[in-house]
Each structure stands twice: as C-alpha cells, then as structure tokens.
>>> print(open('input.cif').read())   # mmCIF, C-alpha atoms
data_final
#
loop_
_atom_site.label_atom_id
_atom_site.label_comp_id
_atom_site.auth_asym_id
_atom_site.auth_seq_id
_atom_site.Cartn_x
_atom_site.Cartn_y
_atom_site.Cartn_z
CA MET A 11 48.97 84.58 48.77
CA TYR A 12 45.87 86.77 48.63
CA ARG A 13 44.54 84.71 45.72
CA LYS A 14 44.70 81.52 47.78
CA ILE A 15 42.82 83.15 50.64
CA LEU A 16 40.21 84.57 48.25
CA VAL A 17 39.72 81.19 46.54
CA PHE A 18 39.43 79.49 49.92
CA LEU A 19 36.77 81.97 51.10
CA ILE A 20 34.77 81.58 47.88
CA ILE A 21 34.83 77.77 48.15
CA MET A 22 33.77 77.91 51.81
CA SER A 23 30.88 80.29 51.10
CA ILE A 24 29.65 78.12 48.20
CA GLY A 25 29.84 75.02 50.42
CA CYS A 26 27.81 76.71 53.16
CA PHE A 27 25.21 77.89 50.64
CA ILE A 28 24.79 74.40 49.17
CA GLY A 29 24.58 72.81 52.61
CA ASN A 30 21.88 75.21 53.75
CA SER A 31 19.80 74.79 50.61
CA GLN A 32 19.74 70.98 50.99
CA SER A 33 18.83 70.99 54.67
CA LYS A 34 15.65 72.94 53.89
CA TYR A 35 14.27 69.96 51.94
CA ALA A 36 15.40 67.28 54.39
CA THR A 37 13.15 68.70 57.12
CA ASP A 38 10.09 69.21 54.94
CA LYS A 39 7.23 67.37 56.68
CA SER A 40 5.33 66.66 53.46
CA ILE A 41 8.30 64.75 52.00
CA ASN A 42 8.75 62.71 55.17
CA SER A 43 5.01 61.99 55.23
CA LEU A 44 5.06 60.86 51.61
CA LEU A 45 8.04 58.56 52.27
CA ALA A 46 6.25 57.02 55.26
CA LYS A 47 3.13 56.38 53.14
CA LYS A 48 5.25 54.77 50.41
CA ARG A 49 6.97 52.45 52.92
CA LYS A 50 3.60 51.46 54.38
CA TYR A 51 2.23 50.73 50.89
CA ASN A 52 5.30 48.63 50.02
CA ASP A 53 5.00 46.63 53.23
CA LYS A 54 1.34 45.90 52.53
CA ASN A 55 1.49 45.23 48.78
CA GLY A 56 5.06 44.07 48.37
CA THR A 57 7.71 45.14 45.97
CA GLY A 58 10.39 43.23 44.22
CA PHE A 59 10.50 39.91 42.43
CA ARG A 60 10.03 36.19 42.95
CA ILE A 61 10.92 33.19 40.84
CA GLN A 62 8.13 30.95 39.62
CA LEU A 63 9.14 27.32 39.22
CA TYR A 64 5.89 25.74 38.15
CA ASN A 65 2.32 26.47 37.11
CA GLY A 66 -0.11 23.53 36.92
CA SER A 67 -1.56 20.67 38.97
CA GLU A 68 -1.54 20.58 42.77
CA LYS A 69 0.25 17.24 43.10
CA ARG A 70 3.09 18.21 40.77
CA ALA A 71 3.38 21.65 42.42
CA LYS A 72 3.81 20.03 45.85
CA ASN A 73 6.45 17.65 44.47
CA ILE A 74 8.39 20.52 42.90
CA LYS A 75 8.22 22.58 46.10
CA TYR A 76 9.53 19.62 48.12
CA SER A 77 12.31 19.04 45.58
CA PHE A 78 13.26 22.71 45.63
CA ASN A 79 13.38 22.80 49.45
CA SER A 80 15.75 19.82 49.50
CA LYS A 81 18.06 21.32 46.83
CA PHE A 82 17.96 24.92 48.10
CA PRO A 83 17.47 24.80 51.88
CA GLY A 84 16.88 28.15 53.52
CA VAL A 85 15.36 29.81 50.44
CA TYR A 86 11.76 30.93 50.96
CA SER A 87 9.20 28.95 48.95
CA LYS A 88 5.42 28.85 48.82
CA LEU A 89 2.52 27.26 47.01
CA LYS A 90 -0.02 29.64 45.59
CA TYR A 91 -3.40 28.77 44.13
CA GLU A 92 -4.82 30.93 41.36
CA SER A 93 -7.77 29.19 39.76
CA PRO A 94 -7.36 26.80 38.01
CA ASP A 95 -3.60 26.36 38.60
CA TRP A 96 -1.18 25.89 41.47
CA LYS A 97 2.06 27.86 41.38
CA VAL A 98 5.38 27.41 43.13
CA HIS A 99 7.05 30.73 43.99
CA VAL A 100 10.48 30.99 45.59
CA GLY A 101 12.63 33.75 47.03
CA ARG A 102 11.96 37.42 47.55
CA TYR A 103 14.35 39.72 45.72
CA GLN A 104 14.48 43.49 46.06
CA ASN A 105 15.59 44.15 42.50
CA LYS A 106 15.84 42.45 39.12
CA LEU A 107 19.60 41.96 39.39
CA GLU A 108 19.28 39.87 42.57
CA ALA A 109 16.50 37.83 40.96
CA ASP A 110 18.58 37.25 37.80
CA ARG A 111 21.53 35.99 39.84
CA ALA A 112 19.31 33.57 41.76
CA LEU A 113 17.56 32.48 38.57
CA ASN A 114 20.87 31.44 37.01
CA LYS A 115 21.54 29.06 39.91
CA ILE A 116 17.97 27.78 40.09
CA LYS A 117 17.73 27.13 36.34
CA GLU A 118 20.47 24.52 36.66
CA LYS A 119 17.94 22.32 38.52
CA PHE A 120 14.59 23.80 37.36
CA SER A 121 14.85 24.76 33.70
CA GLY A 122 11.34 26.24 33.43
CA ALA A 123 11.87 28.87 36.15
CA ILE A 124 10.94 32.47 35.37
CA ILE A 125 11.12 35.80 37.21
CA ILE A 126 7.82 37.43 38.16
CA PRO A 127 7.14 40.80 39.80
CA LEU A 128 5.40 40.85 43.17
#
>>> encode(input="input.cif", output="structure tokens")
Amino acid sequence: MYRKILVFLIIMSIGCFIGNSQSKYATDKSINSLLAKKRKYNDKNGTGFRIQLYNGSEKRAKNIKYSFNSKFPGVYSKLKYESPDWKVHVGRYQNKLEADRALNKIKEKFSGAIIIPL
C-alpha cells in the first residue's frame, strides 16, 4: 500500500517538473519573435512546391494552361515568363508528399509534368 502511494507521488512530482520546464520555453519572447519573422518570410517568399507542366513558347504554354484548366477545374494555374521561355505552373503544395500525389494524377494527362520548389 505504501509503495503504491510512494510511486504515485514520485510520478506526480516528475510530471510537475517536466510541465514547468516546458512552459519556460513556450513564453520566451525571442522564440515567439523568431517564429513570427519566419512566418512573415514564408508569406513573402513562399514555401512548398508547384508542378510545372510546360516550358517553351507562349502560344503552346497558353494552350496547355487552357487544357489543364478544363481537365482539372479548381486547381490553381498560372503562366510565368522567364526569358526566353514561358512556363505553366499549377497547384501550391505544402510538402513533397502532397505534390507527388497530385503529380501522379496530372501525369496521366500531362506526361512531361515535374515538381519544382517555390
């Protein structure tokens, strides 16, 4: 009986000690400030992945974008010009796994699609 009470008290005191040690870091202003700066940077510069369908002439890029929009309605797509080529980028995925899943579906219709980082 006394052993059970002693074990219970030891477990409770360890739990309180661990809880107090973690709360010290959660309220640290420098960590919160750093997280806020990181979020602001990510919003400005972007993070994640997109899928590139095409890289080449303007006319063909516009045709591919139109074709994509008709086959995958509701998926974000854009034309991007980087001299001397036009590019068709689609989607915005937070991680590589999401992008890979989307790429598998898109490759059925657009075999040359590739994943690119933002």
>>> resolve_selection(input="input.cif", expression="the PyMOL selection byres ((chain A and resi 119) around 12)", output="PyMOL selection string")
chain A and resi 63+74+77-82+112-118+120-123
>>> resolve_selection(input="input.cif", expression="the PyMOL selection byres ((chain A and resi 56-61) around 10)", output="PDB file with C-alpha atoms, in the coordinates of the input")
ATOM      1  CA  ARG A  49       6.970  52.450  52.920  1.00  0.00           C
ATOM      2  CA  LYS A  50       3.600  51.460  54.380  1.00  0.00           C
ATOM      3  CA  TYR A  51       2.230  50.730  50.890  1.00  0.00           C
ATOM      4  CA  ASN A  52       5.300  48.630  50.020  1.00  0.00           C
ATOM      5  CA  ASP A  53       5.000  46.630  53.230  1.00  0.00           C
ATOM      6  CA  LYS A  54       1.340  45.900  52.530  1.00  0.00           C
ATOM      7  CA  ASN A  55       1.490  45.230  48.780  1.00  0.00           C
ATOM      8  CA  GLN A  62       8.130  30.950  39.620  1.00  0.00           C
ATOM      9  CA  LEU A  63       9.140  27.320  39.220  1.00  0.00           C
ATOM     10  CA  TYR A  64       5.890  25.740  38.150  1.00  0.00           C
ATOM     11  CA  TYR A  86      11.760  30.930  50.960  1.00  0.00           C
ATOM     12  CA  SER A  87       9.200  28.950  48.950  1.00  0.00           C
ATOM     13  CA  VAL A  98       5.380  27.410  43.130  1.00  0.00           C
ATOM     14  CA  HIS A  99       7.050  30.730  43.990  1.00  0.00           C
ATOM     15  CA  VAL A 100      10.480  30.990  45.590  1.00  0.00           C
ATOM     16  CA  GLY A 101      12.630  33.750  47.030  1.00  0.00           C
ATOM     17  CA  ARG A 102      11.960  37.420  47.550  1.00  0.00           C
ATOM     18  CA  TYR A 103      14.350  39.720  45.720  1.00  0.00           C
ATOM     19  CA  GLN A 104      14.480  43.490  46.060  1.00  0.00           C
ATOM     20  CA  ASN A 105      15.590  44.150  42.500  1.00  0.00           C
ATOM     21  CA  LYS A 106      15.840  42.450  39.120  1.00  0.00           C
ATOM     22  CA  LEU A 107      19.600  41.960  39.390  1.00  0.00           C
ATOM     23  CA  GLU A 108      19.280  39.870  42.570  1.00  0.00           C
ATOM     24  CA  ALA A 109      16.500  37.830  40.960  1.00  0.00           C
ATOM     25  CA  ASP A 110      18.580  37.250  37.800  1.00  0.00           C
ATOM     26  CA  ALA A 112      19.310  33.570  41.760  1.00  0.00           C
ATOM     27  CA  LEU A 113      17.560  32.480  38.570  1.00  0.00           C
ATOM     28  CA  ILE A 116      17.970  27.780  40.090  1.00  0.00           C
ATOM     29  CA  ALA A 123      11.870  28.870  36.150  1.00  0.00           C
ATOM     30  CA  ILE A 124      10.940  32.470  35.370  1.00  0.00           C
ATOM     31  CA  ILE A 125      11.120  35.800  37.210  1.00  0.00           C
ATOM     32  CA  ILE A 126       7.820  37.430  38.160  1.00  0.00           C
ATOM     33  CA  PRO A 127       7.140  40.800  39.800  1.00  0.00           C
ATOM     34  CA  LEU A 128       5.400  40.850  43.170  1.00  0.00           C
TER      35      LEU A 128
END
>>> atom_distance(input="input.cif", atom1="atom CA of Ser67 of chain A", atom2="atom CA of Val85 of chain A")
22.4 Å
>>> build_atoms(input="input.cif", residues="segment 43-54 of chain A", atoms="all heavy atoms", output="PDB file, keeping the file's coordinate frame")
ATOM      1  N   SER A  43       6.326  62.642  55.195  1.00  0.00           N
ATOM      2  CA  SER A  43       5.010  61.990  55.230  1.00  0.00           C
ATOM      3  C   SER A  43       4.806  61.116  53.999  1.00  0.00           C
ATOM      4  O   SER A  43       4.315  59.990  54.103  1.00  0.00           O
ATOM      5  CB  SER A  43       3.917  63.058  55.306  1.00  0.00           C
ATOM      6  OG  SER A  43       2.656  62.484  55.160  1.00  0.00           O
ATOM      7  N   LEU A  44       5.191  61.625  52.851  1.00  0.00           N
ATOM      8  CA  LEU A  44       5.060  60.860  51.610  1.00  0.00           C
ATOM      9  C   LEU A  44       5.939  59.609  51.636  1.00  0.00           C
ATOM     10  O   LEU A  44       5.505  58.523  51.227  1.00  0.00           O
ATOM     11  CB  LEU A  44       5.439  61.741  50.415  1.00  0.00           C
ATOM     12  CG  LEU A  44       5.259  61.139  49.029  1.00  0.00           C
ATOM     13  CD1 LEU A  44       3.798  60.786  48.791  1.00  0.00           C
ATOM     14  CD2 LEU A  44       5.735  62.113  47.971  1.00  0.00           C
ATOM     15  N   LEU A  45       7.151  59.722  52.150  1.00  0.00           N
ATOM     16  CA  LEU A  45       8.040  58.560  52.270  1.00  0.00           C
ATOM     17  C   LEU A  45       7.450  57.518  53.218  1.00  0.00           C
ATOM     18  O   LEU A  45       7.520  56.316  52.946  1.00  0.00           O
ATOM     19  CB  LEU A  45       9.422  58.984  52.744  1.00  0.00           C
ATOM     20  CG  LEU A  45      10.278  59.726  51.721  1.00  0.00           C
ATOM     21  CD1 LEU A  45      11.544  60.258  52.376  1.00  0.00           C
ATOM     22  CD2 LEU A  45      10.615  58.836  50.551  1.00  0.00           C
ATOM     23  N   ALA A  46       6.860  57.954  54.306  1.00  0.00           N
ATOM     24  CA  ALA A  46       6.250  57.020  55.260  1.00  0.00           C
ATOM     25  C   ALA A  46       5.070  56.295  54.617  1.00  0.00           C
ATOM     26  O   ALA A  46       4.901  55.083  54.800  1.00  0.00           O
ATOM     27  CB  ALA A  46       5.791  57.773  56.501  1.00  0.00           C
ATOM     28  N   LYS A  47       4.265  57.012  53.836  1.00  0.00           N
ATOM     29  CA  LYS A  47       3.130  56.380  53.140  1.00  0.00           C
ATOM     30  C   LYS A  47       3.616  55.359  52.121  1.00  0.00           C
ATOM     31  O   LYS A  47       3.038  54.283  51.974  1.00  0.00           O
ATOM     32  CB  LYS A  47       2.271  57.436  52.447  1.00  0.00           C
ATOM     33  CG  LYS A  47       1.461  58.269  53.402  1.00  0.00           C
ATOM     34  CD  LYS A  47       0.663  59.333  52.659  1.00  0.00           C
ATOM     35  CE  LYS A  47      -0.080  60.228  53.619  1.00  0.00           C
ATOM     36  NZ  LYS A  47      -0.820  61.305  52.924  1.00  0.00           N
ATOM     37  N   LYS A  48       4.688  55.681  51.408  1.00  0.00           N
ATOM     38  CA  LYS A  48       5.250  54.770  50.410  1.00  0.00           C
ATOM     39  C   LYS A  48       5.779  53.499  51.076  1.00  0.00           C
ATOM     40  O   LYS A  48       5.561  52.390  50.583  1.00  0.00           O
ATOM     41  CB  LYS A  48       6.374  55.477  49.635  1.00  0.00           C
ATOM     42  CG  LYS A  48       7.093  54.621  48.631  1.00  0.00           C
ATOM     43  CD  LYS A  48       6.210  54.209  47.481  1.00  0.00           C
ATOM     44  CE  LYS A  48       7.052  53.490  46.441  1.00  0.00           C
ATOM     45  NZ  LYS A  48       6.279  52.626  45.607  1.00  0.00           N
ATOM     46  N   ARG A  49       6.465  53.634  52.194  1.00  0.00           N
ATOM     47  CA  ARG A  49       6.970  52.450  52.920  1.00  0.00           C
ATOM     48  C   ARG A  49       5.817  51.579  53.394  1.00  0.00           C
ATOM     49  O   ARG A  49       5.886  50.353  53.307  1.00  0.00           O
ATOM     50  CB  ARG A  49       7.830  52.895  54.094  1.00  0.00           C
ATOM     51  CG  ARG A  49       9.173  53.417  53.679  1.00  0.00           C
ATOM     52  CD  ARG A  49      10.059  53.730  54.880  1.00  0.00           C
ATOM     53  NE  ARG A  49      11.250  54.423  54.442  1.00  0.00           N
ATOM     54  CZ  ARG A  49      11.533  55.679  54.726  1.00  0.00           C
ATOM     55  NH1 ARG A  49      10.738  56.387  55.490  1.00  0.00           N
ATOM     56  NH2 ARG A  49      12.639  56.229  54.263  1.00  0.00           N
ATOM     57  N   LYS A  50       4.768  52.204  53.905  1.00  0.00           N
ATOM     58  CA  LYS A  50       3.600  51.460  54.380  1.00  0.00           C
ATOM     59  C   LYS A  50       2.940  50.713  53.225  1.00  0.00           C
ATOM     60  O   LYS A  50       2.556  49.555  53.350  1.00  0.00           O
ATOM     61  CB  LYS A  50       2.615  52.416  55.042  1.00  0.00           C
ATOM     62  CG  LYS A  50       1.440  51.741  55.700  1.00  0.00           C
ATOM     63  CD  LYS A  50       0.554  52.743  56.401  1.00  0.00           C
ATOM     64  CE  LYS A  50      -0.630  52.064  57.036  1.00  0.00           C
ATOM     65  NZ  LYS A  50      -1.507  53.023  57.700  1.00  0.00           N
ATOM     66  N   TYR A  51       2.813  51.366  52.079  1.00  0.00           N
ATOM     67  CA  TYR A  51       2.230  50.730  50.890  1.00  0.00           C
ATOM     68  C   TYR A  51       3.082  49.541  50.459  1.00  0.00           C
ATOM     69  O   TYR A  51       2.558  48.467  50.161  1.00  0.00           O
ATOM     70  CB  TYR A  51       2.123  51.745  49.752  1.00  0.00           C
ATOM     71  CG  TYR A  51       1.661  51.132  48.458  1.00  0.00           C
ATOM     72  CD1 TYR A  51       0.312  50.936  48.209  1.00  0.00           C
ATOM     73  CD2 TYR A  51       2.573  50.735  47.478  1.00  0.00           C
ATOM     74  CE1 TYR A  51      -0.126  50.368  47.031  1.00  0.00           C
ATOM     75  CE2 TYR A  51       2.155  50.163  46.301  1.00  0.00           C
ATOM     76  CZ  TYR A  51       0.804  49.986  46.076  1.00  0.00           C
ATOM     77  OH  TYR A  51       0.384  49.400  44.905  1.00  0.00           O
ATOM     78  N   ASN A  52       4.401  49.715  50.431  1.00  0.00           N
ATOM     79  CA  ASN A  52       5.300  48.630  50.020  1.00  0.00           C
ATOM     80  C   ASN A  52       5.222  47.450  50.970  1.00  0.00           C
ATOM     81  O   ASN A  52       5.286  46.300  50.538  1.00  0.00           O
ATOM     82  CB  ASN A  52       6.736  49.130  49.914  1.00  0.00           C
ATOM     83  CG  ASN A  52       6.943  50.046  48.729  1.00  0.00           C
ATOM     84  OD1 ASN A  52       6.112  50.120  47.843  1.00  0.00           O
ATOM     85  ND2 ASN A  52       8.046  50.763  48.731  1.00  0.00           N
ATOM     86  N   ASP A  53       5.115  47.720  52.268  1.00  0.00           N
ATOM     87  CA  ASP A  53       5.000  46.630  53.230  1.00  0.00           C
ATOM     88  C   ASP A  53       3.715  45.846  53.027  1.00  0.00           C
ATOM     89  O   ASP A  53       3.690  44.625  53.151  1.00  0.00           O
ATOM     90  CB  ASP A  53       5.043  47.163  54.671  1.00  0.00           C
ATOM     91  CG  ASP A  53       6.421  47.665  55.054  1.00  0.00           C
ATOM     92  OD1 ASP A  53       7.405  47.289  54.381  1.00  0.00           O
ATOM     93  OD2 ASP A  53       6.514  48.428  56.036  1.00  0.00           O
ATOM     94  N   LYS A  54       2.643  46.551  52.703  1.00  0.00           N
ATOM     95  CA  LYS A  54       1.340  45.900  52.530  1.00  0.00           C
ATOM     96  C   LYS A  54       1.246  45.167  51.194  1.00  0.00           C
ATOM     97  O   LYS A  54       0.778  44.036  51.131  1.00  0.00           O
ATOM     98  CB  LYS A  54       0.235  46.959  52.616  1.00  0.00           C
ATOM     99  CG  LYS A  54      -1.161  46.399  52.517  1.00  0.00           C
ATOM    100  CD  LYS A  54      -2.196  47.499  52.653  1.00  0.00           C
ATOM    101  CE  LYS A  54      -3.589  46.940  52.493  1.00  0.00           C
ATOM    102  NZ  LYS A  54      -4.603  47.994  52.549  1.00  0.00           N
TER     103      LYS A  54
END
